[in-house]
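File shown: input_32.cif. Contents: mmCIF, C-alpha atoms.
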```
data_target
loop_
_atom_site.group_PDB
_atom_site.id
_atom_site.type_symbol
_atom_site.label_atom_id
_atom_site.label_comp_id
_atom_site.auth_asym_id
_atom_site.auth_seq_id
_atom_site.Cartn_x
_atom_site.Cartn_y
_atom_site.Cartn_z
ATOM 1 C CA MET H 11 -6.523 -21.418 -12.832
ATOM 2 C CA SER H 12 -4.170 -20.681 -15.683
ATOM 3 C CA GLU H 13 -0.479 -21.405 -15.492
ATOM 4 C CA ALA H 14 1.740 -18.412 -14.960
ATOM 5 C CA THR H 15 4.869 -17.462 -16.765
ATOM 6 C CA PRO H 16 7.766 -15.581 -15.175
ATOM 7 C CA THR H 17 6.914 -11.992 -14.482
ATOM 8 C CA SER H 18 8.381 -8.995 -16.336
ATOM 9 C CA PRO H 19 12.103 -8.434 -15.837
ATOM 10 C CA THR H 20 11.719 -4.911 -14.377
ATOM 11 C CA PRO H 21 14.518 -4.477 -11.824
ATOM 12 C CA ASP H 22 13.218 -4.651 -8.284
ATOM 13 C CA PRO H 23 13.766 -1.209 -6.674
ATOM 14 C CA ALA H 24 13.516 -2.577 -3.133
ATOM 15 C CA GLY H 25 16.225 -1.127 -0.913
ATOM 16 C CA LYS H 26 16.790 2.009 -3.008
ATOM 17 C CA LYS H 27 16.370 5.433 -1.456
ATOM 18 C CA ILE H 28 14.267 8.284 -2.806
ATOM 19 C CA LEU H 29 13.996 11.790 -1.412
ATOM 20 C CA MET H 30 11.002 13.897 -2.385
ATOM 21 C CA ILE H 31 11.295 17.625 -1.923
ATOM 22 C CA MET H 32 7.895 19.105 -1.297
ATOM 23 C CA THR H 33 7.525 22.879 -1.590
ATOM 24 C CA THR H 34 3.817 23.260 -2.364
ATOM 25 C CA GLY H 35 1.326 23.835 0.421
ATOM 26 C CA PRO H 36 -2.456 24.116 0.598
ATOM 27 C CA GLU H 37 -2.373 27.199 -1.647
ATOM 28 C CA ASP H 38 -2.351 24.871 -4.673
ATOM 29 C CA PRO H 39 -4.388 21.735 -3.832
ATOM 30 C CA ASP H 40 -3.929 20.193 -7.284
ATOM 31 C CA LYS H 41 -0.223 19.842 -6.644
ATOM 32 C CA THR H 42 -0.542 18.097 -3.315
ATOM 33 C CA TYR H 43 -2.150 14.755 -4.113
ATOM 34 C CA ALA H 44 0.350 13.232 -6.540
ATOM 35 C CA PRO H 45 3.430 13.520 -4.293
ATOM 36 C CA PHE H 46 1.749 11.741 -1.378
ATOM 37 C CA TYR H 47 0.259 9.093 -3.647
ATOM 38 C CA THR H 48 3.554 8.480 -5.396
ATOM 39 C CA ALA H 49 5.457 8.370 -2.135
ATOM 40 C CA ALA H 50 2.970 5.835 -0.743
ATOM 41 C CA LEU H 51 3.429 3.663 -3.793
ATOM 42 C CA MET H 52 7.195 3.856 -3.662
ATOM 43 C CA ALA H 53 7.219 2.891 -0.002
ATOM 44 C CA ALA H 54 4.974 -0.068 -0.813
ATOM 45 C CA MET H 55 7.627 -1.097 -3.327
ATOM 46 C CA GLU H 56 10.076 -1.196 -0.395
ATOM 47 C CA ILE H 57 11.862 1.946 -1.538
ATOM 48 C CA ASP H 58 13.154 3.871 1.474
ATOM 49 C CA THR H 59 11.073 6.999 0.867
ATOM 50 C CA THR H 60 11.414 10.339 2.620
ATOM 51 C CA MET H 61 9.374 13.464 1.973
ATOM 52 C CA TYR H 62 11.098 16.708 2.948
ATOM 53 C CA PHE H 63 8.684 19.611 3.477
ATOM 54 C CA LEU H 64 9.888 23.178 3.165
ATOM 55 C CA MET H 65 8.644 26.636 2.186
ATOM 56 C CA HIS H 66 4.807 26.414 2.429
ATOM 57 C CA ALA H 67 4.629 22.608 2.306
ATOM 58 C CA PRO H 68 4.762 22.102 6.108
ATOM 59 C CA GLU H 69 1.319 23.711 6.220
ATOM 60 C CA LEU H 70 -0.007 20.385 4.907
ATOM 61 C CA LEU H 71 1.302 18.680 8.029
ATOM 62 C CA ARG H 72 -0.428 20.970 10.464
ATOM 63 C CA LYS H 73 -3.021 19.028 12.466
ATOM 64 C CA GLY H 74 -6.380 19.299 10.708
ATOM 65 C CA ALA H 75 -4.940 20.966 7.585
ATOM 66 C CA ALA H 76 -4.974 18.044 5.149
ATOM 67 C CA GLU H 77 -8.684 17.570 5.792
ATOM 68 C CA LYS H 78 -9.234 21.066 4.401
ATOM 69 C CA VAL H 79 -7.350 20.485 1.151
ATOM 70 C CA PRO H 80 -9.986 19.504 -1.434
ATOM 71 C CA LEU H 81 -9.172 17.142 -4.267
ATOM 72 C CA LYS H 82 -10.629 17.461 -7.750
ATOM 73 C CA LYS H 83 -11.804 13.857 -7.765
ATOM 74 C CA GLY H 84 -13.567 14.357 -4.434
ATOM 75 C CA GLY H 85 -12.554 13.926 -0.857
ATOM 76 C CA ASN H 86 -9.550 15.580 0.661
ATOM 77 C CA LEU H 87 -5.831 15.107 1.097
ATOM 78 C CA LYS H 88 -6.011 13.437 4.512
ATOM 79 C CA MET H 89 -6.438 9.892 3.220
ATOM 80 C CA PHE H 90 -3.322 10.254 1.072
ATOM 81 C CA VAL H 91 -1.254 11.634 3.942
ATOM 82 C CA ASP H 92 -2.441 8.703 6.050
ATOM 83 C CA MET H 93 -1.763 6.212 3.266
ATOM 84 C CA ALA H 94 1.796 7.463 2.867
ATOM 85 C CA GLN H 95 2.443 7.134 6.586
ATOM 86 C CA GLU H 96 0.826 3.699 6.781
ATOM 87 C CA ASN H 97 3.067 2.505 3.957
ATOM 88 C CA GLY H 98 6.161 3.755 5.796
ATOM 89 C CA VAL H 99 6.988 7.077 4.147
ATOM 90 C CA LYS H 100 9.108 9.232 6.449
ATOM 91 C CA PHE H 101 8.063 12.862 6.860
ATOM 92 C CA VAL H 102 10.697 15.444 7.719
ATOM 93 C CA ALA H 103 9.977 19.144 7.868
ATOM 94 C CA CYS H 104 12.302 22.104 7.660
ATOM 95 C CA ALA H 105 12.382 23.668 11.116
ATOM 96 C CA GLU H 106 13.072 27.127 9.726
ATOM 97 C CA SER H 107 10.131 26.969 7.299
ATOM 98 C CA CYS H 108 7.850 25.821 10.101
ATOM 99 C CA ARG H 109 8.983 28.538 12.474
ATOM 100 C CA ASP H 110 9.526 31.568 10.230
ATOM 101 C CA LEU H 111 7.311 31.053 7.189
ATOM 102 C CA CYS H 112 4.446 28.839 8.283
ATOM 103 C CA GLU H 113 4.474 29.814 11.968
ATOM 104 C CA ILE H 114 3.755 26.273 13.096
ATOM 105 C CA ALA H 115 4.784 25.226 16.574
ATOM 106 C CA PRO H 116 6.173 21.681 16.835
ATOM 107 C CA GLY H 117 3.108 20.562 18.777
ATOM 108 C CA GLU H 118 0.834 21.648 15.948
ATOM 109 C CA LEU H 119 2.266 19.095 13.508
ATOM 110 C CA ILE H 120 0.684 15.691 12.965
ATOM 111 C CA ASP H 121 2.344 12.732 14.629
ATOM 112 C CA GLY H 122 5.350 11.218 12.919
ATOM 113 C CA VAL H 123 6.921 14.402 11.549
ATOM 114 C CA LYS H 124 10.583 14.981 12.344
ATOM 115 C CA LEU H 125 11.792 18.572 12.443
ATOM 116 C CA VAL H 126 15.251 19.050 10.992
ATOM 117 C CA GLY H 127 17.593 21.823 9.935
ATOM 118 C CA SER H 128 18.347 22.773 6.361
ATOM 119 C CA ALA H 129 21.648 20.912 6.332
ATOM 120 C CA THR H 130 19.733 17.686 6.707
ATOM 121 C CA MET H 131 18.237 18.199 3.260
ATOM 122 C CA ALA H 132 21.757 18.098 1.846
ATOM 123 C CA ASP H 133 22.527 14.914 3.762
ATOM 124 C CA LEU H 134 19.333 13.249 2.619
ATOM 125 C CA ALA H 135 19.842 14.311 -1.012
ATOM 126 C CA LEU H 136 23.380 12.996 -1.095
ATOM 127 C CA GLU H 137 22.364 9.704 0.497
ATOM 128 C CA ALA H 138 19.433 9.148 -1.873
ATOM 129 C CA ASP H 139 19.566 7.230 -5.131
ATOM 130 C CA SER H 140 17.204 9.774 -6.617
ATOM 131 C CA VAL H 141 15.746 13.133 -5.625
ATOM 132 C CA LEU H 142 12.345 14.261 -6.884
ATOM 133 C CA SER H 143 11.075 17.811 -6.510
ATOM 134 C CA PHE H 144 7.445 18.905 -6.331
ATOM 135 C CA MET C 1310 -19.155 -19.867 0.229
ATOM 136 C CA ALA C 1311 -20.076 -17.357 2.917
ATOM 137 C CA ILE C 1312 -21.364 -13.907 1.975
ATOM 138 C CA LEU C 1313 -21.189 -10.872 4.257
ATOM 139 C CA ASN C 1314 -22.183 -7.378 3.075
ATOM 140 C CA GLY C 1315 -22.053 -8.664 -0.478
ATOM 141 C CA CYS C 1316 -18.477 -9.878 0.060
ATOM 142 C CA GLU C 1317 -17.720 -13.476 -0.846
ATOM 143 C CA PHE C 1318 -15.516 -15.704 1.300
ATOM 144 C CA PRO C 1319 -14.862 -19.143 -0.174
ATOM 145 C CA ASP C 1320 -14.774 -21.963 2.357
ATOM 146 C CA ASP C 1321 -11.641 -23.554 0.917
ATOM 147 C CA ARG C 1322 -9.319 -20.655 1.834
ATOM 148 C CA SER C 1323 -7.439 -19.448 4.852
ATOM 149 C CA TYR C 1324 -7.256 -15.732 5.507
ATOM 150 C CA TYR C 1325 -4.504 -13.345 6.552
ATOM 151 C CA ILE C 1326 -5.938 -10.266 8.236
ATOM 152 C CA GLU C 1327 -3.398 -7.816 9.580
ATOM 153 C CA ARG C 1328 -3.824 -4.043 9.790
ATOM 154 C CA THR C 1329 -5.015 -3.063 6.293
ATOM 155 C CA GLN C 1330 -4.152 -6.441 4.799
ATOM 156 C CA MET C 1331 -6.860 -8.918 3.852
ATOM 157 C CA THR C 1332 -5.501 -11.707 1.679
ATOM 158 C CA TRP C 1333 -6.489 -15.302 1.066
ATOM 159 C CA VAL C 1334 -4.338 -18.403 0.975
ATOM 160 C CA ARG C 1335 -5.103 -21.754 -0.558
ATOM 161 C CA VAL C 1336 -2.844 -24.692 0.173
ATOM 162 C CA GLU C 1337 -2.082 -26.778 -2.880
ATOM 163 C CA GLY C 1338 0.306 -29.581 -1.991
ATOM 164 C CA ASP C 1339 3.625 -28.079 -0.999
ATOM 165 C CA ARG C 1340 2.665 -24.675 -2.400
ATOM 166 C CA VAL C 1341 0.214 -21.985 -1.490
ATOM 167 C CA THR C 1342 -1.613 -19.575 -3.750
ATOM 168 C CA VAL C 1343 -2.169 -16.023 -2.514
ATOM 169 C CA GLY C 1344 -4.697 -13.415 -3.603
ATOM 170 C CA LEU C 1345 -6.777 -10.423 -2.518
ATOM 171 C CA THR C 1346 -10.075 -10.954 -0.760
ATOM 172 C CA ASP C 1347 -13.302 -9.392 -1.928
ATOM 173 C CA PRO C 1348 -13.216 -6.578 0.679
ATOM 174 C CA ALA C 1349 -9.570 -5.894 -0.129
ATOM 175 C CA GLN C 1350 -10.257 -5.422 -3.830
ATOM 176 C CA THR C 1351 -13.331 -3.349 -3.021
ATOM 177 C CA ARG C 1352 -11.414 -1.068 -0.709
ATOM 178 C CA ALA C 1353 -8.660 -0.597 -3.292
ATOM 179 C CA GLY C 1354 -11.122 0.410 -5.994
ATOM 180 C CA LYS C 1355 -10.574 -0.266 -9.679
ATOM 181 C CA ILE C 1356 -7.025 -1.514 -9.842
ATOM 182 C CA LEU C 1357 -5.042 0.028 -12.681
ATOM 183 C CA HIS C 1358 -1.530 -1.273 -12.135
ATOM 184 C CA VAL C 1359 0.052 -4.177 -10.337
ATOM 185 C CA ARG C 1360 3.646 -5.178 -9.892
ATOM 186 C CA LEU C 1361 4.554 -8.634 -8.657
ATOM 187 C CA LYS C 1362 7.685 -9.942 -7.016
ATOM 188 C CA ALA C 1363 9.594 -12.175 -9.377
ATOM 189 C CA PRO C 1364 9.813 -15.947 -8.917
ATOM 190 C CA GLY C 1365 12.743 -16.787 -6.711
ATOM 191 C CA THR C 1366 12.139 -13.878 -4.348
ATOM 192 C CA ALA C 1367 12.274 -14.929 -0.688
ATOM 193 C CA ARG C 1368 9.815 -13.131 1.568
ATOM 194 C CA GLU C 1369 9.322 -12.951 5.280
ATOM 195 C CA ARG C 1370 5.740 -12.893 6.409
ATOM 196 C CA GLY C 1371 4.424 -9.329 6.231
ATOM 197 C CA LYS C 1372 6.776 -8.253 3.442
ATOM 198 C CA PRO C 1373 5.290 -7.307 0.064
ATOM 199 C CA VAL C 1374 4.753 -9.854 -2.679
ATOM 200 C CA ALA C 1375 3.062 -7.247 -4.867
ATOM 201 C CA THR C 1376 2.088 -3.605 -5.072
ATOM 202 C CA VAL C 1377 -1.219 -2.434 -6.464
ATOM 203 C CA GLU C 1378 -2.488 1.002 -7.469
ATOM 204 C CA SER C 1379 -5.958 2.181 -8.184
ATOM 205 C CA GLY C 1380 -5.579 5.940 -8.317
ATOM 206 C CA LYS C 1381 -7.255 6.270 -4.944
ATOM 207 C CA TRP C 1382 -5.121 3.684 -3.195
ATOM 208 C CA ALA C 1383 -1.545 2.502 -3.562
ATOM 209 C CA GLY C 1384 -0.144 -0.128 -1.317
ATOM 210 C CA PRO C 1385 1.514 -3.448 -0.795
ATOM 211 C CA VAL C 1386 0.077 -6.940 -0.789
ATOM 212 C CA MET C 1387 1.895 -8.589 2.073
ATOM 213 C CA ALA C 1388 3.090 -12.176 2.140
ATOM 214 C CA PRO C 1389 0.690 -14.017 4.462
ATOM 215 C CA ILE C 1390 3.400 -16.548 5.216
ATOM 216 C CA SER C 1391 7.158 -16.676 4.907
ATOM 217 C CA GLY C 1392 8.464 -18.407 1.838
ATOM 218 C CA THR C 1393 9.673 -18.072 -1.718
ATOM 219 C CA VAL C 1394 7.670 -16.843 -4.681
ATOM 220 C CA VAL C 1395 7.616 -19.640 -7.244
ATOM 221 C CA GLU C 1396 5.054 -18.243 -9.654
ATOM 222 C CA ALA C 1397 3.764 -14.746 -10.347
ATOM 223 C CA ASN C 1398 0.517 -14.381 -12.218
ATOM 224 C CA SER C 1399 1.492 -12.642 -15.425
ATOM 225 C CA GLU C 1400 -2.166 -12.564 -16.433
ATOM 226 C CA VAL C 1401 -2.973 -10.013 -13.735
ATOM 227 C CA GLU C 1402 0.070 -7.953 -14.704
ATOM 228 C CA ALA C 1403 -1.354 -7.750 -18.218
ATOM 229 C CA ASP C 1404 -4.904 -7.192 -16.974
ATOM 230 C CA PRO C 1405 -4.994 -5.879 -13.376
ATOM 231 C CA SER C 1406 -8.784 -5.637 -13.490
ATOM 232 C CA LEU C 1407 -8.824 -9.395 -12.837
ATOM 233 C CA LEU C 1408 -7.996 -8.522 -9.233
ATOM 234 C CA ASN C 1409 -11.383 -6.799 -9.075
ATOM 235 C CA THR C 1410 -13.496 -9.040 -11.250
ATOM 236 C CA ASP C 1411 -12.218 -12.479 -10.231
ATOM 237 C CA PRO C 1412 -10.210 -12.093 -6.997
ATOM 238 C CA TYR C 1413 -10.538 -15.754 -5.985
ATOM 239 C CA GLY C 1414 -9.949 -17.190 -9.436
ATOM 240 C CA ARG C 1415 -7.959 -15.800 -12.343
ATOM 241 C CA GLY C 1416 -6.971 -12.837 -10.173
ATOM 242 C CA TRP C 1417 -4.618 -14.834 -7.973
ATOM 243 C CA ILE C 1418 -1.358 -13.006 -7.328
ATOM 244 C CA VAL C 1419 1.531 -15.337 -6.521
ATOM 245 C CA ARG C 1420 2.272 -18.909 -5.567
ATOM 246 C CA MET C 1421 4.789 -19.548 -2.823
ATOM 247 C CA THR C 1422 6.568 -22.434 -1.179
ATOM 248 C CA PRO C 1423 6.334 -21.909 2.587
ATOM 249 C CA SER C 1424 9.565 -21.804 4.546
ATOM 250 C CA ALA C 1425 7.773 -21.997 7.896
ATOM 251 C CA PRO C 1426 4.724 -24.221 7.331
ATOM 252 C CA ALA C 1427 3.689 -23.824 10.970
ATOM 253 C CA GLU C 1428 2.615 -20.277 10.064
ATOM 254 C CA LEU C 1429 -0.254 -21.739 8.058
ATOM 255 C CA ALA C 1430 -1.937 -22.740 11.299
ATOM 256 C CA THR C 1431 -2.011 -19.085 12.384
ATOM 257 C CA LEU C 1432 -4.163 -18.010 9.421
ATOM 258 C CA LEU C 1433 -7.869 -17.597 10.090
ATOM 259 C CA THR C 1434 -10.424 -20.042 8.747
ATOM 260 C CA GLY C 1435 -14.140 -20.723 9.038
ATOM 261 C CA ASP C 1436 -16.142 -18.883 11.670
ATOM 262 C CA ALA C 1437 -13.074 -17.221 13.177
ATOM 263 C CA ALA C 1438 -12.276 -15.613 9.824
ATOM 264 C CA LEU C 1439 -15.873 -14.596 9.181
ATOM 265 C CA SER C 1440 -16.177 -13.059 12.619
ATOM 266 C CA ARG C 1441 -13.083 -10.938 12.022
ATOM 267 C CA PHE C 1442 -14.275 -9.897 8.574
ATOM 268 C CA GLN C 1443 -17.656 -8.970 10.016
ATOM 269 C CA GLU C 1444 -15.962 -6.584 12.428
ATOM 270 C CA ILE C 1445 -13.890 -4.957 9.673
ATOM 271 C CA LEU C 1446 -16.786 -4.645 7.236
ATOM 272 C CA ALA C 1447 -18.890 -2.955 9.902
ATOM 273 C CA LYS C 1448 -16.115 -0.693 11.152
ATOM 274 C CA ASP C 1449 -15.035 0.457 7.673
ATOM 275 C CA ASN C 1450 -18.542 0.340 6.193
ATOM 276 C CA ILE C 1451 -17.507 -1.916 3.318
ATOM 277 C CA ARG C 1452 -20.043 -3.413 0.914
ATOM 278 C CA CYS C 1453 -18.360 -5.360 -1.820
ATOM 279 C CA VAL C 1454 -18.628 -4.533 -5.482
ATOM 280 C CA ARG C 1455 -16.856 -6.087 -8.435
ATOM 281 C CA CYS C 1456 -15.610 -3.316 -10.727
ATOM 282 C CA GLN C 1457 -15.876 -4.338 -14.344
ATOM 283 C CA ALA C 1458 -12.925 -4.139 -16.701
#
```
Could I get this structure in the form of structure tokens?
Amino acid sequence: MSEATPTSPTPDPAGKKILMIMTTGPEDPDKTYAPFYTAALMAAMEIDTTMYFLMHAPELLRKGAAEKVPLKKGGNLKMFVDMAQENGVKFVACAESCRDLCEIAPGELIDGVKLVGSATMADLALEADSVLSF
Amino acid sequence: MAILNGCEFPDDRSYYIERTQMTWVRVEGDRVTVGLTDPAQTRAGKILHVRLKAPGTARERGKPVATVESGKWAGPVMAPISGTVVEANSEVEADPSLLNTDPYGRGWIVRMTPSAPAELATLLTGDAALSRFQEILAKDNIRCVRCQA
């Protein structure tokens, strides 16, 4: 085995907080994969990562929905939703979007989704070190 | 060297198998070297990026010592024991494909000094490790391949 040298001096982001605002739903499959993948990676880096789903995005969290979102490279979105959750990404969904726009009852969401009011998005954004919008 | 479903498992390693984690450990004096197993690198797919915890980083068992991304998978490589990272393999940072092509050799990830050496006895070895791997390979239908650079 070769001897190693100290690794690159990139600051360790562990402990930082990132909020991802997700507005795209299954109507545009190409825009759904990257946010889940990126969130999974950030959580693996020990960044406290929350995805906030509003407008049509909560549709992706309806039970059985991610399986029906095809990906260009093959397969479907489900494995990326699962990967994000396995890595510790928190999912919160806008209660108003679920009720009035997507017409999803709380029991129709996948496990692990917290329903919150719109004011919570402000709290989460102000608490985060960075906010990303998709 | 045992081989199951095309996956190699060297006899001189201990194995940490926990949820989606499948890493190897080799004790070298007062240090241990940590890396991905053959099924772990196969499941990840062709690894494109890796980021390693810097030397000096203290880790509890089950906390990440690295993150890897392949485009189809992004996740942590968990510390199989508690301890401090004393070396990070800069060669795999420069060429992450080593994790796929030589996971038990040049593709090692970090070296650590254990802070709780008794944990080493909880890692799986020999037939116990192979039995557990056999279950996982069957359940997840894994047949190992070594992606080329």
Checklist entry - Counting all atoms listed in the file, which residues of chain C come no farther than 8 Å from chain H, as a ChimeraX atom specification? => result /C:1361-1364,1373,1375-1376,1378,1382-1385,1396-1400,1402,1414-1415
Save the residues we just selected, C-alpha atoms, as a PDB file, in the frame of the given file?
```
ATOM      1  CA  LEU C1361       4.554  -8.634  -8.657  1.00  0.00           C
ATOM      2  CA  LYS C1362       7.685  -9.942  -7.016  1.00  0.00           C
ATOM      3  CA  ALA C1363       9.594 -12.175  -9.377  1.00  0.00           C
ATOM      4  CA  PRO C1364       9.813 -15.947  -8.917  1.00  0.00           C
ATOM      5  CA  PRO C1373       5.290  -7.307   0.064  1.00  0.00           C
ATOM      6  CA  ALA C1375       3.062  -7.247  -4.867  1.00  0.00           C
ATOM      7  CA  THR C1376       2.088  -3.605  -5.072  1.00  0.00           C
ATOM      8  CA  GLU C1378      -2.488   1.002  -7.469  1.00  0.00           C
ATOM      9  CA  TRP C1382      -5.121   3.684  -3.195  1.00  0.00           C
ATOM     10  CA  ALA C1383      -1.545   2.502  -3.562  1.00  0.00           C
ATOM     11  CA  GLY C1384      -0.144  -0.128  -1.317  1.00  0.00           C
ATOM     12  CA  PRO C1385       1.514  -3.448  -0.795  1.00  0.00           C
ATOM     13  CA  GLU C1396       5.054 -18.243  -9.654  1.00  0.00           C
ATOM     14  CA  ALA C1397       3.764 -14.746 -10.347  1.00  0.00           C
ATOM     15  CA  ASN C1398       0.517 -14.381 -12.218  1.00  0.00           C
ATOM     16  CA  SER C1399       1.492 -12.642 -15.425  1.00  0.00           C
ATOM     17  CA  GLU C1400      -2.166 -12.564 -16.433  1.00  0.00           C
ATOM     18  CA  GLU C1402       0.070  -7.953 -14.704  1.00  0.00           C
ATOM     19  CA  GLY C1414      -9.949 -17.190  -9.436  1.00  0.00           C
ATOM     20  CA  ARG C1415      -7.959 -15.800 -12.343  1.00  0.00           C
TER      21      ARG C1415
END
```
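For the set C:Gly1371, C:Pro1405, C:Pro1319, C:Gly1338, the residue with the smallest atom-to-atom gap to Lys1355 in chain C is C:Pro1405, counting all atoms listed in the file.
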Next on the checklist: Which residues would end up in the selection if the PyMOL selection byres ((chain C and resi 1442-1451) around 10) were applied here, given that I need the answer as a count of residues only?
Outcome noted: 22
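In this model, the gap between CA of Arg1328 in chain C and CA of Ser1391 in chain C comes to 17.4 Å.
Every protein or nucleic acid residue with an atom no more than 12 Å from Glu113 in chain H, counting all atoms listed in the file and leaving out same-chain residues fewer than 4 positions away, appears here: Met65, His66, Pro68, Glu69, Arg72, Cys104, Ala105, Glu106, Ser107, Cys108, Arg109, Gly117, Glu118 and Leu119 of chain H.
Using all atoms listed in the file for every distance, the candidate list H:Ala103, H:Leu81, H:Leu111, H:Lys124 yields H:Ala103 as the residue closest to Ile31 in chain H.
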